[in-house]
>>> print(open('protein.cif').read())   # mmCIF, C-alpha atoms
data_entry
#
loop_
_atom_site.label_atom_id
_atom_site.label_comp_id
_atom_site.auth_asym_id
_atom_site.auth_seq_id
_atom_site.Cartn_x
_atom_site.Cartn_y
_atom_site.Cartn_z
CA MET K 1 0.00 0.00 0.00
CA SER K 2 1.29 3.51 -0.79
CA SER K 3 0.17 7.11 -0.47
CA HIS K 4 1.36 10.51 -1.63
CA ARG K 5 2.48 12.99 1.00
CA GLY K 6 4.24 16.24 0.24
CA GLY K 7 5.09 15.07 -3.28
CA ARG K 8 6.71 11.86 -2.05
CA VAL K 9 5.51 8.31 -2.42
CA ILE K 10 5.23 6.67 1.00
CA VAL K 11 5.34 2.88 0.89
CA ALA K 12 3.84 1.20 3.93
CA ALA K 13 5.88 -1.55 5.54
CA PRO K 14 4.17 -4.95 5.76
CA ALA K 15 2.21 -5.64 8.93
CA ILE K 16 4.35 -7.30 11.55
CA GLU K 17 1.88 -10.19 11.82
CA SER K 18 2.58 -11.13 8.18
CA LEU K 19 6.33 -11.52 8.71
CA ILE K 20 8.13 -14.72 9.63
CA MET K 21 10.07 -13.95 12.80
CA LEU K 22 13.59 -15.20 13.31
CA PRO K 23 14.53 -16.38 16.81
CA PRO K 24 16.61 -13.84 18.78
CA ARG K 25 20.36 -14.36 18.46
CA SER K 26 22.97 -13.18 20.91
CA VAL K 27 26.18 -11.66 19.57
CA PHE K 28 29.75 -12.57 20.49
CA GLY K 29 33.29 -12.08 19.25
CA ALA K 30 34.26 -9.56 16.59
CA GLY K 31 31.87 -7.95 14.13
CA LEU K 32 31.71 -5.55 11.20
CA GLY K 33 29.35 -2.80 10.11
CA PHE K 34 26.94 -4.04 7.44
CA ARG K 35 27.41 -1.72 4.46
CA ARG K 36 25.78 -1.89 1.04
CA GLU K 37 29.20 -1.28 -0.52
CA LEU K 38 30.29 -4.68 0.83
CA LEU K 39 27.27 -6.74 -0.21
CA ASP K 40 28.78 -8.06 -3.43
CA GLU K 41 31.92 -9.32 -1.70
CA LEU K 42 29.98 -10.68 1.29
CA SER K 43 27.59 -12.55 -0.97
CA HIS K 44 30.55 -14.68 -2.08
CA GLY K 45 31.32 -15.66 1.50
CA VAL K 46 31.61 -14.11 4.95
CA PRO K 47 35.14 -14.39 6.40
CA ALA K 48 35.31 -16.67 9.43
CA ALA K 49 36.63 -13.83 11.60
CA ILE K 50 33.31 -11.93 11.32
CA ASN K 51 31.00 -13.29 14.00
CA PHE K 52 28.22 -10.72 13.58
CA PHE K 53 27.16 -7.58 11.73
CA GLU K 54 25.90 -4.20 12.86
CA LEU K 55 23.46 -1.95 11.01
CA ALA K 56 21.59 1.31 11.51
CA PRO K 57 17.88 0.41 11.60
CA GLU K 58 16.92 3.81 10.16
CA ASN K 59 18.62 2.73 6.91
CA TRP K 60 16.92 -0.67 6.65
CA ALA K 61 13.61 -0.87 8.54
CA GLY K 62 10.63 -0.79 6.21
CA ILE K 63 12.57 -1.22 2.97
CA GLY K 64 11.35 -3.68 0.37
CA GLY K 65 12.47 -5.25 -2.87
CA ARG K 66 15.99 -6.47 -3.55
CA SER K 67 17.54 -4.72 -0.53
CA ALA K 68 15.08 -6.41 1.83
CA ARG K 69 15.79 -9.82 0.29
CA GLN K 70 19.54 -9.27 0.54
CA LEU K 71 19.30 -8.31 4.18
CA ARG K 72 17.08 -11.27 5.02
CA ALA K 73 19.56 -13.66 3.40
CA PHE K 74 22.20 -12.44 5.86
CA THR K 75 20.04 -12.19 9.00
CA GLU K 76 18.92 -15.79 8.47
CA ARG K 77 22.57 -16.89 8.74
CA HIS K 78 24.33 -14.33 10.95
CA PRO K 79 23.61 -12.44 14.19
CA PHE K 80 23.02 -8.68 13.86
CA VAL K 81 23.12 -5.70 16.22
CA CYS K 82 21.00 -2.56 15.75
CA HIS K 83 22.87 0.69 16.35
CA GLY K 84 20.63 3.75 16.12
CA LEU K 85 21.56 7.13 14.71
CA SER K 86 18.63 9.48 15.18
CA LEU K 87 16.65 8.78 18.35
CA SER K 88 18.02 11.98 19.94
CA LEU K 89 17.82 10.65 23.48
CA GLY K 90 19.11 13.90 24.99
CA GLY K 91 17.21 16.23 22.69
CA PRO K 92 14.26 18.59 23.28
CA ASP K 93 11.85 17.12 20.73
CA PRO K 94 9.29 14.48 21.77
CA LEU K 95 10.72 10.98 21.61
CA ASP K 96 9.99 9.39 18.23
CA ARG K 97 7.66 6.59 19.31
CA GLU K 98 6.82 5.71 15.72
CA LEU K 99 10.49 5.13 14.93
CA LEU K 100 10.87 3.01 18.04
CA CYS K 101 7.90 0.85 17.06
CA ARG K 102 9.39 0.35 13.60
CA ILE K 103 12.72 -0.62 15.15
CA ARG K 104 11.02 -3.03 17.58
CA ASP K 105 9.17 -4.78 14.76
CA PHE K 106 12.25 -4.81 12.53
CA MET K 107 14.34 -6.40 15.28
CA ARG K 108 11.71 -9.05 15.93
CA GLU K 109 11.48 -9.85 12.24
CA HIS K 110 15.23 -10.39 11.96
CA GLY K 111 15.97 -11.94 15.36
CA MET K 112 18.06 -9.03 16.62
CA ALA K 113 18.50 -8.99 20.39
CA LEU K 114 20.65 -5.89 21.03
CA TYR K 115 19.92 -2.21 20.32
CA THR K 116 22.26 0.66 21.17
CA GLU K 117 22.08 4.44 20.72
CA HIS K 118 24.25 7.49 21.30
CA LEU K 119 24.24 9.63 24.40
CA ALA K 120 23.61 12.72 22.32
CA TRP K 121 20.91 14.81 20.72
CA THR K 122 20.32 14.96 16.98
CA SER K 123 17.12 16.95 16.47
CA ALA K 124 15.41 20.22 17.41
CA ASP K 125 12.36 20.94 15.23
CA GLY K 126 13.95 18.67 12.63
CA GLN K 127 16.98 16.45 12.18
CA LEU K 128 20.34 18.17 12.62
CA TYR K 129 22.38 15.31 11.14
CA ASP K 130 25.01 15.52 13.85
CA LEU K 131 25.61 13.96 17.26
CA LEU K 132 25.63 16.88 19.68
CA PRO K 133 26.74 16.62 23.33
CA VAL K 134 24.21 16.77 26.16
CA PRO K 135 24.80 19.33 28.95
CA MET K 136 26.18 17.48 31.97
CA THR K 137 23.59 18.62 34.51
CA GLY K 138 21.22 16.93 36.94
CA ASP K 139 18.22 18.08 34.88
CA ALA K 140 19.76 16.50 31.76
CA VAL K 141 20.32 13.24 33.65
CA ARG K 142 16.66 13.06 34.65
CA TRP K 143 15.40 14.12 31.20
CA THR K 144 17.60 11.71 29.25
CA ALA K 145 17.11 8.77 31.64
CA ALA K 146 13.32 9.16 31.42
CA ARG K 147 13.51 9.01 27.62
CA ILE K 148 15.75 5.95 27.75
CA ARG K 149 13.27 4.22 30.06
CA GLN K 150 10.47 5.09 27.64
CA ALA K 151 12.49 3.69 24.72
CA GLN K 152 13.19 0.49 26.67
CA ASP K 153 9.49 0.09 27.46
CA ILE K 154 8.58 0.34 23.77
CA LEU K 155 11.39 -1.94 22.59
CA GLY K 156 10.80 -4.43 25.40
CA MET K 157 14.50 -4.65 26.27
CA ARG K 158 17.35 -2.85 28.01
CA ILE K 159 19.41 -0.86 25.54
CA GLY K 160 23.06 0.14 25.39
CA ILE K 161 24.00 3.83 25.52
CA GLU K 162 27.17 4.89 23.69
CA ASN K 163 29.60 7.51 24.94
CA ALA K 164 29.85 10.05 22.12
CA SER K 165 32.70 12.10 20.68
CA TYR K 166 32.36 15.87 21.02
CA TYR K 167 34.36 18.94 20.04
CA VAL K 168 32.85 21.62 22.30
CA VAL K 169 32.08 21.01 25.97
CA PRO K 170 28.52 22.20 26.74
CA PRO K 171 28.50 25.04 29.30
CA GLY K 172 27.07 24.75 32.79
CA ALA K 173 28.45 21.31 33.64
CA GLU K 174 27.58 20.15 37.16
CA MET K 175 29.56 16.90 36.99
CA SER K 176 32.28 15.15 35.02
CA GLU K 177 31.47 13.19 31.88
CA THR K 178 32.01 9.85 33.60
CA GLU K 179 29.75 10.93 36.48
CA PHE K 180 27.14 12.06 33.95
CA ILE K 181 27.23 8.77 32.02
CA SER K 182 27.15 6.76 35.25
CA ALA K 183 24.18 8.71 36.61
CA ILE K 184 22.16 8.21 33.43
CA LEU K 185 22.89 4.50 33.26
CA ALA K 186 21.90 4.05 36.89
CA GLU K 187 18.70 6.12 36.70
CA ALA K 188 17.58 4.56 33.41
CA ASP K 189 18.79 1.06 34.38
CA CYS K 190 20.27 0.66 30.93
CA LEU K 191 23.56 -0.73 29.60
CA LEU K 192 26.86 0.78 28.47
CA HIS K 193 27.96 0.73 24.85
CA LEU K 194 31.64 1.65 25.17
CA ASP K 195 33.17 3.31 22.12
CA VAL K 196 36.93 3.08 22.63
CA ASN K 197 37.80 5.35 19.71
CA ASN K 198 35.47 8.05 21.04
CA VAL K 199 37.28 7.91 24.39
CA TYR K 200 40.62 8.25 22.60
CA VAL K 201 39.43 11.14 20.40
CA ASN K 202 38.00 13.05 23.35
CA SER K 203 41.07 12.38 25.51
CA ARG K 204 43.35 13.90 22.88
CA ASN K 205 41.09 16.84 22.07
CA HIS K 206 40.25 17.71 25.69
CA GLY K 207 43.40 16.58 27.50
CA PHE K 208 42.57 13.71 29.84
CA ASP K 209 43.83 10.18 30.46
CA ALA K 210 41.82 7.71 28.38
CA LEU K 211 42.33 4.66 30.62
CA ALA K 212 41.50 6.65 33.75
CA PHE K 213 38.29 7.74 32.02
CA ILE K 214 37.39 4.13 31.23
CA ASP K 215 38.19 3.09 34.81
CA ALA K 216 35.68 5.68 36.07
CA LEU K 217 32.80 4.23 34.03
CA PRO K 218 30.38 1.58 35.36
CA LEU K 219 32.11 -1.15 33.36
CA GLU K 220 29.91 -3.86 34.88
CA ARG K 221 27.17 -2.52 32.59
CA THR K 222 29.21 -2.93 29.38
CA CYS K 223 27.26 -4.86 26.75
CA TYR K 224 29.03 -3.83 23.54
CA VAL K 225 32.20 -2.13 22.26
CA HIS K 226 33.08 -0.06 19.19
CA VAL K 227 36.50 0.54 17.68
CA ALA K 228 37.18 2.74 14.66
CA GLY K 229 39.58 5.02 12.83
CA HIS K 230 39.63 8.81 12.80
CA TYR K 231 41.20 11.81 11.06
CA THR K 232 43.67 14.33 12.49
CA GLU K 233 43.35 17.90 11.21
CA PRO K 234 46.52 19.90 10.45
CA ASP K 235 46.03 21.84 13.70
CA GLY K 236 45.91 18.58 15.69
CA LEU K 237 42.15 18.37 16.24
CA ILE K 238 41.01 14.76 15.92
CA ILE K 239 37.73 14.11 14.11
CA ASP K 240 35.78 10.88 14.67
CA THR K 241 35.25 10.00 11.01
CA HIS K 242 35.18 6.17 10.84
CA GLY K 243 36.92 6.70 7.52
CA SER K 244 40.37 5.20 8.06
CA ALA K 245 42.15 2.27 9.66
CA VAL K 246 42.39 1.95 13.43
CA ILE K 247 45.70 3.33 14.71
CA ASP K 248 48.04 1.63 17.20
CA PRO K 249 47.17 3.82 20.23
CA VAL K 250 43.49 2.93 19.81
CA TRP K 251 44.34 -0.78 19.53
CA GLN K 252 46.36 -0.39 22.73
CA LEU K 253 43.43 1.31 24.43
CA LEU K 254 41.15 -1.52 23.30
CA ALA K 255 43.57 -4.06 24.79
CA GLY K 256 43.60 -2.13 28.05
CA THR K 257 39.80 -2.04 28.00
CA TYR K 258 39.63 -5.82 27.60
CA GLU K 259 41.92 -6.19 30.62
CA ARG K 260 39.16 -4.47 32.58
CA ILE K 261 35.98 -5.91 31.06
CA GLY K 262 37.22 -9.23 29.64
CA GLY K 263 37.66 -10.35 26.09
CA ASP K 264 34.19 -11.83 25.71
CA VAL K 265 32.34 -8.54 25.12
CA PRO K 266 31.16 -8.31 21.48
CA THR K 267 33.12 -5.66 19.59
CA CYS K 268 32.37 -4.09 16.21
CA LEU K 269 34.73 -2.43 13.74
CA GLU K 270 33.11 0.76 12.43
CA ARG K 271 33.96 1.90 8.91
CA ASP K 272 31.53 4.31 7.24
CA PHE K 273 33.37 5.75 4.23
CA ASN K 274 36.66 5.52 2.29
CA MET K 275 35.72 1.86 2.23
CA PRO K 276 38.58 -0.56 1.55
CA ASP K 277 37.90 -4.03 0.26
CA LEU K 278 36.57 -6.78 2.49
CA ALA K 279 40.02 -8.36 2.87
CA ALA K 280 41.46 -5.18 4.41
CA LEU K 281 38.52 -4.85 6.81
CA THR K 282 38.85 -8.48 7.77
CA VAL K 283 42.46 -7.89 8.85
CA GLU K 284 41.17 -5.35 11.40
CA VAL K 285 38.36 -7.65 12.54
CA GLU K 286 40.99 -10.36 13.06
CA GLN K 287 42.99 -7.92 15.20
CA ILE K 288 39.93 -7.43 17.42
CA ALA K 289 39.63 -11.20 17.75
CA ARG K 290 43.32 -11.57 18.68
CA LEU K 291 43.00 -8.95 21.41
CA GLN K 292 39.85 -10.62 22.70
CA ALA K 293 41.54 -14.03 22.83
CA ALA K 294 44.55 -12.61 24.69
CA ALA K 295 42.41 -10.94 27.38
CA PRO K 296 40.89 -12.48 30.50
CA GLN K 297 37.63 -14.29 29.88
CA GLY K 298 34.52 -14.48 31.99
CA LEU K 299 34.90 -11.05 33.58
CA ARG K 300 31.71 -9.73 32.01
CA LYS K 301 28.77 -9.75 34.38
CA VAL K 302 26.32 -7.24 32.99
CA ALA K 303 24.57 -5.52 35.90
#
>>> encode(input="protein.cif", output="structure tokens")
Amino acid sequence: MSSHRGGRVIVAAPAIESLIMLPPRSVFGAGLGFRRELLDELSHGVPAAINFFELAPENWAGIGGRSARQLRAFTERHPFVCHGLSLSLGGPDPLDRELLCRIRDFMREHGMALYTEHLAWTSADGQLYDLLPVPMTGDAVRWTAARIRQAQDILGMRIGIENASYYVVPPGAEMSETEFISAILAEADCLLHLDVNNVYVNSRNHGFDALAFIDALPLERTCYVHVAGHYTEPDGLIIDTHGSAVIDPVWQLLAGTYERIGGDVPTCLERDFNMPDLAALTVEVEQIARLQAAAPQGLRKVA
């Protein structure tokens, strides 16, 4: 069924009752972002090092045709994680309940058992297409935690909240970033999605010790980890681009993180543009797996 709205053709997604649900699958090991640019190579075989894939549900939920069939062929054989981009958990606009319902139904259709989102805001009377930092105040803790609880009620699961990169510290801070993240996770009773590259980027741009920052987080809540590359501007500012290979200091920070949380926390390599071939990406996924295998196991006890 379709309708015209504002000059666009809106195609309705099939009713959830008409879809064949896949059983929920847990994720483990090392994973890779699921990108359309990689579909041709992946269709010829998924490297053994890739234990799962991650996708942004906004880019896939409700699609039909060839893209839907391609996705289904992979979700029937491999675990997937949903990583949201636009829920704007810290933003001023009403929480997008319609989007959350679409994500919930999409995850049930494809057997996805983990959803994570950024601790950021991305909209104010319309999408801003950026991940903006939330003021670190008590009011922001209560506001954001309430929205996370609402999202968890709609999705029917606890979700992981990702520490974001930022380039300007919001004014009026009443607590440190680690205190702010910890307070939100406790009040919302949600999980931690730890982005190691974001910690590194922020530590270099704002002058703090990355491992000390990680030590101050509620690591017992860690459900998921990201690692990625970045770009350094000529003036030294580091931009979280996900457009290059992971550098040695970030690999070292990931190894130090595993010493604290254990090597059995699922970890995804993010690469969003300047895409190399699958073989080059697989080398980095294999590096994640090596660091996981070298770390203590069984430390993870998600609170």
>>> closest_residue(input="protein.cif", among="K:Asp93, K:Glu220, K:Glu76, K:Asp105", to="K:Trp60", atoms="all atoms listed in the file")
K:Asp105
>>> resolve_selection(input="protein.cif", expression="the PyMOL selection byres ((chain K and resi 50-52) around 8)", output="list in words")
Val27, Phe28, Gly29, Ala30, Gly31, Leu32, Val46, Pro47, Ala48, Ala49, Phe53, Glu54, His78, Pro79, Phe80, Val81, Thr282 and Val285 of chain K
>>> write_last_selection(input="protein.cif", atoms="C-alpha atoms", output="tab-separated table (two decimals), keeping the file's coordinate frame")
chain	number	residue	atom	x	y	z
K	27	VAL	CA	26.18	-11.66	19.57
K	28	PHE	CA	29.75	-12.57	20.49
K	29	GLY	CA	33.29	-12.08	19.25
K	30	ALA	CA	34.26	-9.56	16.59
K	31	GLY	CA	31.87	-7.95	14.13
K	32	LEU	CA	31.71	-5.55	11.20
K	46	VAL	CA	31.61	-14.11	4.95
K	47	PRO	CA	35.14	-14.39	6.40
K	48	ALA	CA	35.31	-16.67	9.43
K	49	ALA	CA	36.63	-13.83	11.60
K	53	PHE	CA	27.16	-7.58	11.73
K	54	GLU	CA	25.90	-4.20	12.86
K	78	HIS	CA	24.33	-14.33	10.95
K	79	PRO	CA	23.61	-12.44	14.19
K	80	PHE	CA	23.02	-8.68	13.86
K	81	VAL	CA	23.12	-5.70	16.22
K	282	THR	CA	38.85	-8.48	7.77
K	285	VAL	CA	38.36	-7.65	12.54
>>> closest_residue(input="protein.cif", among="K:Gly160, K:Pro57, K:Gly298, K:Pro171", to="K:Leu71", atoms="only C-alpha atoms")
K:Pro57
>>> atom_distance(input="protein.cif", atom1="atom CA of K:Pro170", atom2="atom CA of K:Val134")
7.0 Å
>>> residues_near_point(input="protein.cif", point="(40.7, 7.9, 23.6)", cutoff="12 Å", atoms="all atoms listed in the file", output="ChimeraX atom specification")
/K:163-166,194-214,226-230,238-240,246-254,256-257
>>> residues_around(input="protein.cif", residues="stretch 145-149 of chain K", least_positions_apart="5", cutoff="7 Å", atoms="all atoms listed in the file", output="list of chain:residue names")
K:Leu89, K:Leu95, K:Ile184, K:Glu187, K:Ala188
>>> atom_distance(input="protein.cif", atom1="atom CA of K:Leu87", atom2="atom CA of K:Met21")
24.3 Å
>>> atom_distance(input="protein.cif", atom1="atom CA of K:Asp189", atom2="atom CA of K:Arg158")
7.6 Å
>>> residues_around(input="protein.cif", residues="K:Pro218", least_positions_apart="6", cutoff="9 Å", atoms="all atoms listed in the file", output="list in words")
Thr178, Ile181, Ser182, Leu185, Ala186 and Leu192 of chain K
>>> write_last_selection(input="protein.cif", atoms="C-alpha atoms", output="PDB file, in the coordinates of the input")
ATOM      1  CA  THR K 178      32.010   9.850  33.600  1.00  0.00           C
ATOM      2  CA  ILE K 181      27.230   8.770  32.020  1.00  0.00           C
ATOM      3  CA  SER K 182      27.150   6.760  35.250  1.00  0.00           C
ATOM      4  CA  LEU K 185      22.890   4.500  33.260  1.00  0.00           C
ATOM      5  CA  ALA K 186      21.900   4.050  36.890  1.00  0.00           C
ATOM      6  CA  LEU K 192      26.860   0.780  28.470  1.00  0.00           C
TER       7      LEU K 192
END
>>> closest_residue(input="protein.cif", among="K:Leu299, K:Pro135, K:Asp153, K:Leu281", to="K:Glu177", atoms="only C-alpha atoms")
K:Pro135
>>> closest_residue(input="protein.cif", among="K:Leu39, K:Ala113, K:Leu132, K:Cys223", to="K:Ser67", atoms="only C-alpha atoms")
K:Leu39
>>> closest_residue(input="protein.cif", among="K:Met136, K:Ala61, K:Ala151, K:Leu55", to="K:Asp96", atoms="only C-alpha atoms")
K:Ala151
>>> residues_around(input="protein.cif", residues="K:Ala293", least_positions_apart="4", cutoff="10 Å", atoms="all atoms listed in the file", output="PyMOL selection string")
chain K and resi 29+258+262-264+287-289+297
>>> closest_residue(input="protein.cif", among="K:Ala56, K:Ile63, K:Val265, K:Ala183", to="K:Gly138", atoms="only C-alpha atoms")
K:Ala183
>>> build_atoms(input="protein.cif", residues="stretch 201-213 of chain K", atoms="N, CA, C and O atoms", output="mmCIF file, in the frame of the given file")
data_model
loop_
_atom_site.group_PDB
_atom_site.id
_atom_site.type_symbol
_atom_site.label_atom_id
_atom_site.label_comp_id
_atom_site.auth_asym_id
_atom_site.auth_seq_id
_atom_site.Cartn_x
_atom_site.Cartn_y
_atom_site.Cartn_z
ATOM 1 N N VAL K 201 39.579 9.839 21.069
ATOM 2 C CA VAL K 201 39.430 11.140 20.400
ATOM 3 C C VAL K 201 39.204 12.241 21.427
ATOM 4 O O VAL K 201 39.859 13.297 21.393
ATOM 5 N N ASN K 202 38.283 12.033 22.351
ATOM 6 C CA ASN K 202 38.000 13.050 23.350
ATOM 7 C C ASN K 202 39.195 13.294 24.272
ATOM 8 O O ASN K 202 39.462 14.431 24.672
ATOM 9 N N SER K 203 39.913 12.220 24.606
ATOM 10 C CA SER K 203 41.070 12.380 25.510
ATOM 11 C C SER K 203 42.142 13.246 24.868
ATOM 12 O O SER K 203 42.793 14.053 25.554
ATOM 13 N N ARG K 204 42.348 13.086 23.576
ATOM 14 C CA ARG K 204 43.350 13.900 22.880
ATOM 15 C C ARG K 204 42.870 15.334 22.668
ATOM 16 O O ARG K 204 43.644 16.286 22.817
ATOM 17 N N ASN K 205 41.609 15.493 22.336
ATOM 18 C CA ASN K 205 41.090 16.840 22.070
ATOM 19 C C ASN K 205 40.891 17.658 23.339
ATOM 20 O O ASN K 205 41.001 18.888 23.308
ATOM 21 N N HIS K 206 40.596 16.978 24.460
ATOM 22 C CA HIS K 206 40.250 17.710 25.690
ATOM 23 C C HIS K 206 41.253 17.478 26.820
ATOM 24 O O HIS K 206 41.061 18.015 27.914
ATOM 25 N N GLY K 207 42.289 16.674 26.573
ATOM 26 C CA GLY K 207 43.400 16.580 27.500
ATOM 27 C C GLY K 207 43.132 15.810 28.777
ATOM 28 O O GLY K 207 43.347 16.324 29.879
ATOM 29 N N PHE K 208 42.690 14.553 28.638
ATOM 30 C CA PHE K 208 42.570 13.710 29.840
ATOM 31 C C PHE K 208 43.106 12.326 29.536
ATOM 32 O O PHE K 208 43.362 11.971 28.387
ATOM 33 N N ASP K 209 43.284 11.529 30.586
ATOM 34 C CA ASP K 209 43.830 10.180 30.460
ATOM 35 C C ASP K 209 42.726 9.212 30.062
ATOM 36 O O ASP K 209 41.737 9.061 30.782
ATOM 37 N N ALA K 210 42.893 8.546 28.924
ATOM 38 C CA ALA K 210 41.820 7.710 28.380
ATOM 39 C C ALA K 210 41.527 6.504 29.274
ATOM 40 O O ALA K 210 40.362 6.167 29.513
ATOM 41 N N LEU K 211 42.560 5.831 29.769
ATOM 42 C CA LEU K 211 42.330 4.660 30.620
ATOM 43 C C LEU K 211 41.712 5.041 31.956
ATOM 44 O O LEU K 211 40.861 4.320 32.489
ATOM 45 N N ALA K 212 42.113 6.181 32.501
ATOM 46 C CA ALA K 212 41.500 6.650 33.750
ATOM 47 C C ALA K 212 40.018 6.939 33.526
ATOM 48 O O ALA K 212 39.183 6.661 34.402
ATOM 49 N N PHE K 213 39.691 7.491 32.368
ATOM 50 C CA PHE K 213 38.290 7.740 32.020
ATOM 51 C C PHE K 213 37.509 6.430 31.991
ATOM 52 O O PHE K 213 36.427 6.313 32.583
#
